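Beneath this line is the structure, given in structure tokens, with notes to follow.
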Number of protein chains: 2
Amino acid sequence: MQKFFYPQSVAVVGVSAKPDNLARGILNNLLEFGYQGKIHLVGPRGGQVYNMPIHPRLEDLPEPVEVAAILTPARYVPEAVEACGKLGITRLVVESGGFSEVGESGRVLEDRVKTLLQQYNLRLIGPNGLGLINLEIGLALPFSHLRPKPRRGNVSIIAQSGGVGLHLLAWMGREGLGLNKFLSLGNKLNVAENETLAYFLEDPGTEAIYLYLEGTTDGRELLEMGRRARKPVFLHHANVGPETAGIALSHTASLATDEHVLEAACRQGGIRRITSQAEFLVGAKMAGQPPVKGSRLVVLSRSGGEAVITAYACRKWGFELPTLSPRLRRLIETRSRSGVIKPTNPIDLGDIFDFTVYSDVIAAICQDPEVDGVLLNFGPIAEEERTEAHKMARRSVELAREAGKPLAITVICTLDEEEFFLEELQVPIFHFPGEAVRAMAYSRFFAQKGEVRPAAAPPRLDIDKISAFLEGTPSGEFLTLPKAMALVEAAGIPLPGWEAAATPEGAAAAAEALGFPVVLKLSAPSLVHKTEAGGVLLNLKDAAQVREGFARLAGAAREHLAPDEPWEVVVMAQAAPGREVLLGARRDRAFGPVVAFGTGGIETEVMEDAALRVAPIDEAEARAQIAETRMGRVLAGFRGQPSADLAALSRALTALSHLMLQFPRIEEVDLNPVRAFPGQEGILALDARIKVG
Amino acid sequence: MQKFFYPQSVAVVGVSAKPDNLARGILNNLLEFGYQGKIHLVGPRGGQVYNMPIHPRLEDLPEPVEVAAILTPARYVPEAVEACGKLGITRLVVESGGFSEVGESGRVLEDRVKTLLQQYNLRLIGPNGLGLINLEIGLALPFSHLRPKPRRGNVSIIAQSGGVGLHLLAWMGREGLGLNKFLSLGNKLNVAENETLAYFLEDPGTEAIYLYLEGTTDGRELLEMGRRARKPVFLHHANVGPETAGIALSHTASLATDEHVLEAACRQGGIRRITSQAEFLVGAKMAGQPPVKGSRLVVLSRSGGEAVITAYACRKWGFELPTLSPRLRRLIETRSRSGVIKPTNPIDLGDIFDFTVYSDVIAAICQDPEVDGVLLNFGPIAEEERTEAHKMARRSVELAREAGKPLAITVICTLDEEEFFLEELQVPIFHFPGEAVRAMAYSRFFAQKGEVRPAAAPPRLDIDKISAFLEGTPSGEFLTLPKAMALVEAAGIPLPGWEAAATPEGAAAAAEALGFPVVLKLSAPSLVHKTEAGGVLLNLKDAAQVREGFARLAGAAREHLAPDEPWEVVVMAQAAPGREVLLGARRDRAFGPVVAFGTGGIETEVMEDAALRVAPIDEAEARAQIAETRMGRVLAGFRGQPSADLAALSRALTALSHLMLQFPRIEEVDLNPVRAFPGQEGILALDARIKVG
């Protein structure tokens with residue numbers, strides 16, 4: 001990536017002297033941003049632009065270049081790529097559209113380009129994107145006019161949609177945020193987000209990263225990179241449902257992601273998920289500041305009402321407004337001679353017109369180790385206070401910087417004061433206190449991510465046994481109930497004693513061996529909801545009831561199944577009463593296997609109480625997963641109730657996650673219900689559904 | 001209120017020639033905004049300002065005035081008020097601080113003013129506020145400098161904090177939103193929010209209302225006004241928890257409100273609750289447009305990525321993006337000769353450079369009765385497209401207006417285009433598509449409020465009987481269990497058969513009469529959590545078990561109660577198994593009695609599954625309340641399960657709401673659990689706690 005971002009020379013391919021030539025926009029940007037390297041132009045019609053010659057072919061260039069920026073009609077792209085390959089130009093930026101996003105014809109073109117990339121060992125950004133920008137050397141390859149001209153700063157952007165990236169960039173300029181590097185991924189034919197992200201995470205000029213995606217190339221890797229990142233990464237991934245799927249497919253040929261999985265993966269990976277560029281604008285404003293390490297904030301406000309609003313936002317984002325330290329209270333009482341300021345938090349400075357009081361209070365707060373961040377609502381100021389107020393603001397920013405304390409300033413009422421901060425102090429400010437608090441919360445999210453914990457050793461799974469159970473079931477079908485139950489047991493997840501039975505007598509004998517009462521279950525490939533079909537009989541207390549039950553299940557089979565569908569009956573020892581939970585696993589297109597924990601039983605869907613994790617997890621992670629749910633809080637014991645065996649549940653979830661990882665043929669596992677017993681050890685999976693992919 | 005907002009003459013009281021005189025700010029604003037009435041100045045030192053004489057006393061005025069705007073030190077306010085009273089000036093605006101918000105001394109001053117208001121029959125706005133503005137006649141009474149100068153428009157503001165109101169006002173100017181009237185409530189000594197709201201709801205110049213409160217004067221009335229309002233009302237009430245309580249008390253002497261109740265009340269009242277001025281800025285942009293009557297939107301976007309983001313926002317806010325009608329699809333296919341535009345929704349117009357295509361498509365969409373609103377992402381445009389793009393934008397706005405179709409425009413990438421919309425078209429625009437969709441959702445919220453349904457006749461309560469049960473219990477204490485149960489029965493809510501018993505033999509006899517099995521409950525004033533104290537015995541099957549149970553409860557009483565605390569035992573027929581729900585009621589400081597429905601049993605707190613309503617409700621409202629909860633969905637029947645008696649539950653909730661309204665002494669009612677029986681009629685309250693206020 002370094003070669004893409006720091007080339008000494010660039011060829012712009014597709015330039016002509018015609019006024020509506022799009023590639024000339026690339027040249028315009030390079031000139032406007034003062035690109036420090038050499039620029040060459042290529043275009044079949046030749047001629048010249050701004051007194052620079054247009055070479056008809058890449059082969060005609062007077063010297064080799066490091067990057068070729070190509071914006072020709074799509075059908076000419078393969079030959080340009082081939083020419084680059086032959087000339088040893090290894091870094092290509094293709095902005096032309098008309099590839100896989102338009103359908104079959106474009107896909108064919110893309111395949112040809114792909115082959116050439118392999119043949120010549122080339123790297124390519126795009127196609128169907130806006131290329132890249134590196135303001136450190138004035139490299140600006142988008143063909144569209146960038147206005148307002150971006151400031152140089154510490155934010156880098158990876159955008160799968162050029163338009164989305166440019167819109168953010170325009171707003172960053174307005175909000176006093178500076179750009180470092182920009183990369184528009186387009187169709188991600190070759191260079192994709194993870195490689196770029198890895199580069200930005202190491203790039204000294206980048207302090208915050210915005211990532212807009214319409215599809216992930218390797219979600220699991222992205223998550224791992226997020227986990228290790230020591231810079232804030234914000235992921236804006238809007239293509240998460242049927243509403244966006246169609247348009248995203250035709251826009252960047254991306255497939256939609258499951259939003260619940262995306263949310264879980266971002267939490268797991270310490271990546272902040274956002275749903276609008278506006279959220280990034282808020283978060284990025286804290287990027288240059290020390291991290292918010294805890295939840296204790298102090299609020300200073302020139303308006304009592306805005307102080308109330310700030311305190312409300314603190315509550316919503318889980319911040320505390322601790323009582324001020326005795327030292328601070330004394331200071332405020334001393335400095336506020338008439339007792340106009342109350343030493344509360346928020347501190348309402350509405351009636352203070354001596355701005356040195358503000359600075360002194362802020363100085364003291366910044367020195368207080370019990371304070372994790374400072375919020376200042378600045379304004380309103382009368383014309384004659386302006387000079388003093390600006391001095392105070394400058395001093396406050398310096399004080400916070402020296403003390404390493406995060407400071408978020410909101411300009412209230414006098415909006416023309418924003419300019420002072422943006423232009424003179426070069427400090428981004430917030431427009432409403434709620435935004436300042438949100439930015440503090442984002443900073444805390446990244447600061448509290450913690451070190452990457454080495455994962456515990458994975459559980460041992462009996463590979464041979466599990467493989468054997470999977471054999472013989474065709475793709476897209478479910479394992480039979482006995483096979484599924486045996487597989488789950490082989491993964492180390494306990495079930496009550498059970499046996500399959502083919503006849504009433506066999507069932508009765510099995511029940512005698514297991515001990516009464518027992519449960520009978522009808523098992524057949526097409527039977528998804530056993531209970532609704534009358535396929536589960538509980539509490540059978542003797543052999544006669546079991547025989548009779550078998551007959552009833554045979555009747556249910558006749559009623560609900562096709563005549564030739566095989567079925568069997570499973571006899572299972574009836575478990576003691578307890579709490580019913582759900583353990584599940586499935587494969588997500590973007591993030592691979594995920595495991596779920598939640599309220600089980602037939603109410604699973606109504607309860608909307610499930611937590612997800614991307615696999616694999618260890619038991620500590622499983623514990624956290626369980627604790628996220630209401631059922632987890634019930635099982636942990638509440639109001640004097642005993643707790644259930646959370647360790648056994650965590651082991652089972654962990655095993656499930658590794659099962660999915662080690663057996664790619666398993667598409668889906670659904671253990672519902674799994675019973676847990678408050679006050680007792682152990683858990684028992686009462687049912688198992690496993691789908692083979 | 002009309003007299004306050006449309007006076008023919010104003011006296012500014014507290015003016016002096018000194019440069020730091022605050023009251024002069026009022027004069028400056030009146031002059032700057034071109035107040036159409038007469039202005040007189042009053043100040044004890046006399047002199048003149050801008051060649052206008054300052055009269056030492058109100059009595060010296062050359063003619064009577066209609067409004068006095070007073071900004072003197074607080075201690076002089078009572079005499080100014082008295083002078084107004086004597087002179088027949090009935091409308092006073094007091095901006096001075098130093099009243100109840102600073103504590104006891106201020107409260108004394110306020111009381112004196114209050115007495116004078118009654119004595120002379122005066123109306124007063126404030127104190128401790130910024131007065132009022134009416135841009136229709138250039139009346140601007142705040143003392144602080146208003147910059148940027150507000151535009152005139154259709155938004156009116158009621159703010160309990162002047163700072164919060166001014167901050168919004170400054171932002172409205174920036175966002176192209178115009179002000180009609182502004183009122184800063186301050187301490188609400190006399191004029192409060194409801195009276196002002198009622199006036200704005202009738203005011204022809206006002207089309208959208210922003211209401212910032214730190215405390216409600218009469219929440220129930222506010223809710224009723226909201227219900228009847230035919231204009232959008234946004235309530236920003238941030239003082240809802242311990243974090244804000246302190247600062248709000250010292251700011252405007254307001255008491256905090258319960259956030260859950262506030263949320264419920266706003267939903268009930270068709271008032272949109274917001275938590276930031278920024279949310280109002282978004283919502284108010286649709287105020288001048290036809291309402292969004294349904295959920296079917298069409299998106300047109302110049303950027304594919306922004307189309308994805310827009311579609312995501314539609315999903316989040318519950319909008320559909322229906323397939324385009326055959327007519328529209330044909331039109332798009334015909335107009336887009338090369339097939340560049342796909343007739344999907346969102347429509348990606350990224351590659352269309354002929355803007356008449358946009359206008360034609362928008363024209364057709366506006367005529368489609370199946371479309372409830374149109375979202376347009378405008379931009380990016382190259383310099384040479386500008387004229388045509390502006391024509392298209394102007395035409396689109398006209399088309400939507402003519403067709404009565406709501407149209408939300410987001411300017412993407414080319415932010416300098418915003419000015420064209422704000423200044424030339426005078427149309428507010430959105431900055432991000434998510435904001436446009438949110439504004440559509442707010443508009444739909446108000447549009448779908450529906451007519452005010454006449455409430456059904458309240459249930460008849462046995463007033464005498466209930467009053468008798470309440471007698472004799474001191475304030476702050478709980479009714480005894482037998483009294484509480486009897487009261488609940490008198491309110492028409494069924495319980496299982498029960499009897500109080502004082503001896504083991506009495507208990508056994510009662511059980512025989514009720515029928516086995518029975519439940520025994522220990523009842524004593526101090527016993528809040530009976531179950532935890534071992535005070536509930538279930539499933540007693542014969543007289544011997546009941547006698548033994550009585551002895552165990554006597555033991556529990558010895559263990560848990562003070563030696564002299566009276567206790568008794570209640571014998572209750574054991575109800576059949578079923579679902580446990582909670583029915584509750586309490587008094588909210590702001591909104592009066594509220595009723596709660598949710599998951600019951602000991603898990604109530606963990607389940608976080610409760611819905612609230614402000615009393616009184618009728619059975620239809622109770623049904624809606626129940627349906628809001630997960631337990632409600634369970635009881636309604638799911639996955640083939642039978643439903644419980646929702647009518648009986650609704651009747652009970654309705655009765656509870658009227659009980660609270662008719663018996664102000666009842667502070668709190670807690671019926672937990674109430675058992676409902678899927679597949680069977682009836683409900684049974686198994687426990688009752690009633691606190692007397």
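Following the order of the structure tokens, first chain is A, next is B, and so on, with residues numbered from 1 inside each chain and ligands from 1 in the order they appear.
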
Got a sec: who's within 10 Å of range 456-467 of chain B, counting only C-alpha atoms, leaving out chain neighbours fewer than 2 positions off, as JSON, numbers by chain?
{"B": [453, 454, 469, 470, 471, 483, 484, 486, 487, 488, 489, 490, 491, 492, 616, 617, 618, 619, 620, 651, 652, 654, 655, 656, 657, 658, 659, 662, 663, 665]}

For those residues, write N, CA, C and O atoms to a file as a tab-separated table (two decimals), in the first residue's frame.
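The resulting result.tsv:
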```
chain	number	residue	atom	x	y	z
B	453	ARG	N	-60.51	9.90	20.19
B	453	ARG	CA	-61.58	8.95	20.37
B	453	ARG	C	-62.31	9.30	21.66
B	453	ARG	O	-61.67	9.52	22.68
B	454	PRO	N	-63.65	9.39	21.68
B	454	PRO	CA	-64.31	9.64	22.98
B	454	PRO	C	-64.07	8.42	23.89
B	454	PRO	O	-64.22	7.29	23.45
B	469	PHE	N	-62.46	0.92	53.34
B	469	PHE	CA	-61.21	0.14	53.47
B	469	PHE	C	-60.00	1.05	53.70
B	469	PHE	O	-59.02	0.66	54.30
B	470	LEU	N	-60.09	2.27	53.15
B	470	LEU	CA	-58.94	3.17	53.25
B	470	LEU	C	-58.86	3.83	54.62
B	470	LEU	O	-57.80	4.27	55.05
B	471	GLU	N	-60.00	3.90	55.29
B	471	GLU	CA	-60.02	4.58	56.58
B	471	GLU	C	-59.13	3.87	57.59
B	471	GLU	O	-59.03	2.64	57.59
B	483	LYS	N	-57.39	-6.07	53.95
B	483	LYS	CA	-58.03	-4.82	53.49
B	483	LYS	C	-57.71	-4.56	52.03
B	483	LYS	O	-58.57	-4.17	51.23
B	484	ALA	N	-56.44	-4.76	51.68
B	484	ALA	CA	-56.01	-4.50	50.30
B	484	ALA	C	-56.76	-5.42	49.34
B	484	ALA	O	-57.26	-4.99	48.29
B	486	ALA	N	-59.63	-6.94	49.80
B	486	ALA	CA	-61.05	-6.59	49.75
B	486	ALA	C	-61.27	-5.35	48.89
B	486	ALA	O	-62.24	-5.26	48.13
B	487	LEU	N	-60.35	-4.39	49.00
B	487	LEU	CA	-60.48	-3.16	48.21
B	487	LEU	C	-60.38	-3.48	46.71
B	487	LEU	O	-61.16	-2.98	45.90
B	488	VAL	N	-59.42	-4.34	46.37
B	488	VAL	CA	-59.25	-4.72	44.97
B	488	VAL	C	-60.51	-5.39	44.44
B	488	VAL	O	-60.97	-5.12	43.32
B	489	GLU	N	-61.11	-6.26	45.26
B	489	GLU	CA	-62.36	-6.90	44.85
B	489	GLU	C	-63.48	-5.87	44.66
B	489	GLU	O	-64.25	-5.96	43.70
B	490	ALA	N	-63.49	-4.88	45.56
B	490	ALA	CA	-64.51	-3.84	45.44
B	490	ALA	C	-64.34	-3.02	44.16
B	490	ALA	O	-65.28	-2.44	43.64
B	491	ALA	N	-63.09	-2.99	43.65
B	491	ALA	CA	-62.84	-2.28	42.40
B	491	ALA	C	-63.16	-3.16	41.19
B	491	ALA	O	-62.97	-2.75	40.06
B	492	GLY	N	-63.65	-4.36	41.45
B	492	GLY	CA	-64.09	-5.21	40.36
B	492	GLY	C	-63.01	-6.13	39.80
B	492	GLY	O	-63.18	-6.74	38.75
B	616	PRO	N	-56.82	8.53	33.32
B	616	PRO	CA	-57.52	7.25	33.17
B	616	PRO	C	-57.36	6.69	31.76
B	616	PRO	O	-57.06	7.42	30.83
B	617	ILE	N	-57.56	5.39	31.67
B	617	ILE	CA	-57.59	4.78	30.34
B	617	ILE	C	-58.91	4.04	30.18
B	617	ILE	O	-59.60	3.79	31.18
B	618	ASP	N	-59.26	3.76	28.94
B	618	ASP	CA	-60.41	2.88	28.74
B	618	ASP	C	-59.89	1.53	28.24
B	618	ASP	O	-58.68	1.33	28.10
B	619	GLU	N	-60.81	0.59	28.00
B	619	GLU	CA	-60.35	-0.76	27.71
B	619	GLU	C	-59.57	-0.84	26.39
B	619	GLU	O	-58.63	-1.64	26.26
B	620	ALA	N	-59.92	-0.01	25.42
B	620	ALA	CA	-59.19	-0.03	24.15
B	620	ALA	C	-57.74	0.37	24.38
B	620	ALA	O	-56.80	-0.24	23.85
B	651	ARG	N	-60.05	-4.86	31.45
B	651	ARG	CA	-61.02	-4.32	32.42
B	651	ARG	C	-60.34	-3.99	33.74
B	651	ARG	O	-60.58	-2.95	34.34
B	652	ALA	N	-59.47	-4.90	34.18
B	652	ALA	CA	-58.79	-4.69	35.47
B	652	ALA	C	-57.90	-3.46	35.43
B	652	ALA	O	-57.87	-2.64	36.36
B	654	THR	N	-58.19	-0.87	33.46
B	654	THR	CA	-59.05	0.30	33.37
B	654	THR	C	-59.60	0.66	34.76
B	654	THR	O	-59.58	1.82	35.17
B	655	ALA	N	-60.05	-0.38	35.47
B	655	ALA	CA	-60.59	-0.15	36.82
B	655	ALA	C	-59.51	0.46	37.71
B	655	ALA	O	-59.76	1.41	38.46
B	656	LEU	N	-58.30	-0.07	37.62
B	656	LEU	CA	-57.19	0.43	38.42
B	656	LEU	C	-56.96	1.91	38.14
B	656	LEU	O	-56.71	2.71	39.05
B	657	SER	N	-57.03	2.27	36.86
B	657	SER	CA	-56.76	3.67	36.50
B	657	SER	C	-57.83	4.59	37.09
B	657	SER	O	-57.52	5.69	37.56
B	658	HIS	N	-59.07	4.14	37.09
B	658	HIS	CA	-60.13	4.98	37.66
B	658	HIS	C	-60.09	4.98	39.19
B	658	HIS	O	-60.42	5.97	39.83
B	659	LEU	N	-59.68	3.88	39.76
B	659	LEU	CA	-59.51	3.81	41.21
B	659	LEU	C	-58.53	4.90	41.66
B	659	LEU	O	-58.77	5.63	42.62
B	662	GLN	N	-60.10	8.39	41.33
B	662	GLN	CA	-61.19	8.73	42.23
B	662	GLN	C	-60.78	8.71	43.70
B	662	GLN	O	-61.48	9.25	44.54
B	663	PHE	N	-59.64	8.06	44.00
B	663	PHE	CA	-59.22	7.97	45.40
B	663	PHE	C	-57.80	8.52	45.55
B	663	PHE	O	-56.83	7.77	45.56
B	665	ARG	N	-56.20	9.35	47.90
B	665	ARG	CA	-55.40	8.85	49.03
B	665	ARG	C	-54.59	7.62	48.65
B	665	ARG	O	-53.63	7.27	49.34
```

Neighbours of Phe5 in chain A within 9 Å (only C-alpha atoms; same-chain residues fewer than 2 positions away dropped), as a tab-separated table (two decimals) with C-alpha atoms, in the first residue's frame?
```
chain	number	residue	atom	x	y	z
A	1	MET	CA	0.00	0.00	0.00
A	2	GLN	CA	2.92	2.36	0.68
A	3	LYS	CA	3.65	2.37	-3.07
A	7	PRO	CA	4.39	7.33	-5.53
A	132	LEU	CA	-7.14	7.61	-3.54
A	133	ILE	CA	-5.86	10.75	-1.86
A	134	ASN	CA	-2.78	11.34	0.27
A	137	ILE	CA	2.21	14.63	-0.67
A	139	LEU	CA	-1.70	13.12	-4.24
A	181	LYS	CA	-5.53	9.62	3.39
```

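Secondary structure of range 159-362 of chain A, strand (DSSP E) only (DSSP, backbone atoms): Ala159, Leu179, Asn180, Lys181, Phe182, Leu183, Ser184, Ala208, Ile209, Tyr210, Leu211, Tyr212, Leu213, Val233, Phe234, Leu235, His236, His237, Arg272, Arg273, Ile274, Leu297, Val298, Val299, Leu300, Ser301, Ile347 and Asp348 of chain A.
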
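The shortest atom-to-atom distance to Ser161 in chain B, with only C-alpha atoms taken into account, belongs to B:His237 out of B:His529, B:His237, B:Arg123, B:Arg220.
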
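Counting only C-alpha atoms, the residue from A:Asp645, A:Asp368, A:Asp564, A:Glu383 that sits nearest to chain B is A:Glu383.
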
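Comparing A:Arg395, A:Arg24, A:His145, A:Arg45 by their smallest distance to chain B, the closest is A:His145 (using only C-alpha atoms).
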
Quick one: residues within 10 Å of Arg589 in chain A, only C-alpha atoms counted, chain neighbours fewer than 6 positions away excluded, as a VMD selection string?
chain A and resid 215 to 219 255 to 258 261

What's around Gly373 in chain A at 12 Å? Count only C-alpha atoms, leave out sequence neighbours fewer than 4 positions away in its own chain, and write the answer as a PyMOL selection string.
chain A and resi 286+289-300+314+319-322+362+365-369+400-401+403-409+436-437+439-441+443-444

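The protein and nucleic acid residues lying at most 7 Å from range 609-612 of chain A are A:Val261, A:Ala264, A:Val594, A:Val595, A:Ala596, A:Phe597, A:Gly598, A:Thr599, A:Gln625, A:Glu628, A:Thr629, A:Arg630, with only C-alpha atoms considered and sequence neighbours fewer than 6 positions away removed.
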
Output the selection as a tab-separated table (two decimals), in the first residue's frame - C-alpha atoms for each residue.
```
chain	number	residue	atom	x	y	z
A	261	VAL	CA	-24.18	-10.37	13.55
A	264	ALA	CA	-22.03	-8.46	17.72
A	594	VAL	CA	-21.65	-17.36	15.04
A	595	VAL	CA	-23.07	-18.77	18.27
A	596	ALA	CA	-26.25	-17.61	19.99
A	597	PHE	CA	-27.47	-17.80	23.58
A	598	GLY	CA	-30.88	-16.75	24.81
A	599	THR	CA	-34.25	-17.54	26.32
A	625	GLN	CA	-22.35	-13.45	26.14
A	628	GLU	CA	-25.84	-9.89	28.06
A	629	THR	CA	-29.27	-11.53	28.09
A	630	ARG	CA	-32.14	-11.22	30.53
```

Backbone-only DSSP, helix (DSSP H, G or I) members of range 215-452 of chain B, as a PyMOL selection string:
chain B and resi 219-228+242-252+259-269+277-284+304-316+326-335+355-367+383-403+417-425+433-447

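The shell of residues at most 12 Å from Glu565 in chain B, with only C-alpha atoms counted and near chain neighbours (fewer than 6 positions) removed, consists of B:Ser523, B:Ala524, B:Pro525, B:Ser526, B:Leu527, B:Ala557, B:Arg558, B:Glu559.
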
Which residue, A:Gly555, A:Gly226, A:Gly640, A:Gly37, has the smallest gap to chain B when you use only C-alpha atoms?
A:Gly640

Could you give me, as JSON, numbers by chain, the residues within 9 Å of Gly14 in chain B, counting only C-alpha atoms and dropping anything in the same chain fewer than 6 positions from it?
{"B": [21, 22, 23, 24, 41, 42, 43, 44, 69, 70, 71, 72, 73]}

Selection above as a file: all heavy atoms, as a tab-separated table (two decimals), in the first residue's frame:
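Output saved as out.tsv:
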```
chain	number	residue	atom	x	y	z
B	21	ASN	N	-25.46	48.48	30.94
B	21	ASN	CA	-26.86	48.29	31.34
B	21	ASN	C	-27.50	47.18	30.50
B	21	ASN	O	-27.49	47.23	29.27
B	21	ASN	CB	-27.62	49.62	31.14
B	21	ASN	CG	-29.11	49.46	31.33
B	21	ASN	OD1	-29.87	49.53	30.38
B	21	ASN	ND2	-29.53	49.20	32.55
B	22	LEU	N	-28.04	46.18	31.20
B	22	LEU	CA	-28.57	45.01	30.49
B	22	LEU	C	-29.89	45.32	29.78
B	22	LEU	O	-30.15	44.82	28.69
B	22	LEU	CB	-28.78	43.84	31.46
B	22	LEU	CG	-27.51	43.08	31.90
B	22	LEU	CD1	-27.86	42.01	32.93
B	22	LEU	CD2	-26.81	42.44	30.70
B	23	ALA	N	-30.73	46.13	30.43
B	23	ALA	CA	-32.05	46.40	29.86
B	23	ALA	C	-31.95	47.12	28.52
B	23	ALA	O	-32.87	47.05	27.70
B	23	ALA	CB	-32.89	47.23	30.85
B	24	ARG	N	-30.82	47.78	28.28
B	24	ARG	CA	-30.67	48.43	26.99
B	24	ARG	C	-30.65	47.42	25.86
B	24	ARG	O	-30.99	47.74	24.71
B	24	ARG	CB	-29.43	49.29	26.97
B	24	ARG	CG	-29.79	50.64	26.36
B	24	ARG	CD	-28.77	51.65	26.60
B	24	ARG	NE	-27.52	51.28	25.92
B	24	ARG	CZ	-26.41	51.98	26.08
B	24	ARG	NH1	-26.38	53.00	26.90
B	24	ARG	NH2	-25.34	51.62	25.44
B	41	LEU	N	-39.07	54.26	27.74
B	41	LEU	CA	-38.01	53.76	28.61
B	41	LEU	C	-38.21	54.24	30.04
B	41	LEU	O	-38.61	55.39	30.25
B	41	LEU	CB	-36.65	54.24	28.09
B	41	LEU	CG	-36.37	53.96	26.60
B	41	LEU	CD1	-35.01	54.49	26.21
B	41	LEU	CD2	-36.50	52.47	26.30
B	42	VAL	N	-37.88	53.39	31.00
B	42	VAL	CA	-38.00	53.75	32.41
B	42	VAL	C	-36.73	53.32	33.13
B	42	VAL	O	-36.23	52.20	32.92
B	42	VAL	CB	-39.22	53.04	33.05
B	42	VAL	CG1	-39.30	53.36	34.54
B	42	VAL	CG2	-40.52	53.44	32.34
B	43	GLY	N	-36.18	54.19	33.97
B	43	GLY	CA	-34.99	53.85	34.77
B	43	GLY	C	-34.80	54.91	35.81
B	43	GLY	O	-34.99	56.10	35.51
B	44	PRO	N	-34.46	54.57	37.03
B	44	PRO	CA	-34.46	55.53	38.14
B	44	PRO	C	-33.50	56.69	37.92
B	44	PRO	O	-33.72	57.78	38.40
B	44	PRO	CB	-34.04	54.68	39.35
B	44	PRO	CG	-33.38	53.46	38.77
B	44	PRO	CD	-34.03	53.23	37.45
B	69	ALA	N	-41.70	45.55	30.05
B	69	ALA	CA	-40.60	44.58	30.08
B	69	ALA	C	-39.62	45.02	31.15
B	69	ALA	O	-39.02	46.09	31.04
B	69	ALA	CB	-39.92	44.51	28.72
B	70	ILE	N	-39.50	44.23	32.22
B	70	ILE	CA	-38.78	44.67	33.41
B	70	ILE	C	-37.47	43.91	33.56
B	70	ILE	O	-37.45	42.67	33.58
B	70	ILE	CB	-39.68	44.44	34.66
B	70	ILE	CG1	-40.98	45.24	34.50
B	70	ILE	CG2	-38.94	44.80	35.93
B	70	ILE	CD1	-42.04	44.90	35.53
B	71	LEU	N	-36.38	44.67	33.64
B	71	LEU	CA	-35.09	44.04	33.92
B	71	LEU	C	-34.32	44.94	34.87
B	71	LEU	O	-33.46	45.73	34.49
B	71	LEU	CB	-34.31	43.82	32.60
B	71	LEU	CG	-32.92	43.17	32.71
B	71	LEU	CD1	-32.95	41.93	33.59
B	71	LEU	CD2	-32.37	42.82	31.34
B	72	THR	N	-34.73	44.82	36.15
B	72	THR	CA	-34.07	45.57	37.22
B	72	THR	C	-33.50	44.53	38.19
B	72	THR	O	-33.84	43.35	38.07
B	72	THR	CB	-35.09	46.42	37.99
B	72	THR	OG1	-36.01	45.52	38.64
B	72	THR	CG2	-35.86	47.34	37.06
B	73	PRO	N	-32.66	44.93	39.13
B	73	PRO	CA	-32.30	43.95	40.17
B	73	PRO	C	-33.57	43.40	40.81
B	73	PRO	O	-34.58	44.12	40.93
B	73	PRO	CB	-31.48	44.78	41.16
B	73	PRO	CG	-30.89	45.89	40.32
B	73	PRO	CD	-31.96	46.20	39.29
```

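The residue that comes closest to Thr90 in chain A, out of A:Gln119, A:Thr334, A:Gln680, A:Ser325 and on the basis of only C-alpha atoms, is A:Gln119.
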
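Nearest residue to Glu214 in chain A, choosing from A:Leu522, A:Val546, A:Ile158, A:Leu582 and counting only C-alpha atoms: A:Ile158.
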
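Here CA of Ser144 in chain A stands at a distance of 20.8 Å from CA of Arg91 in chain A.
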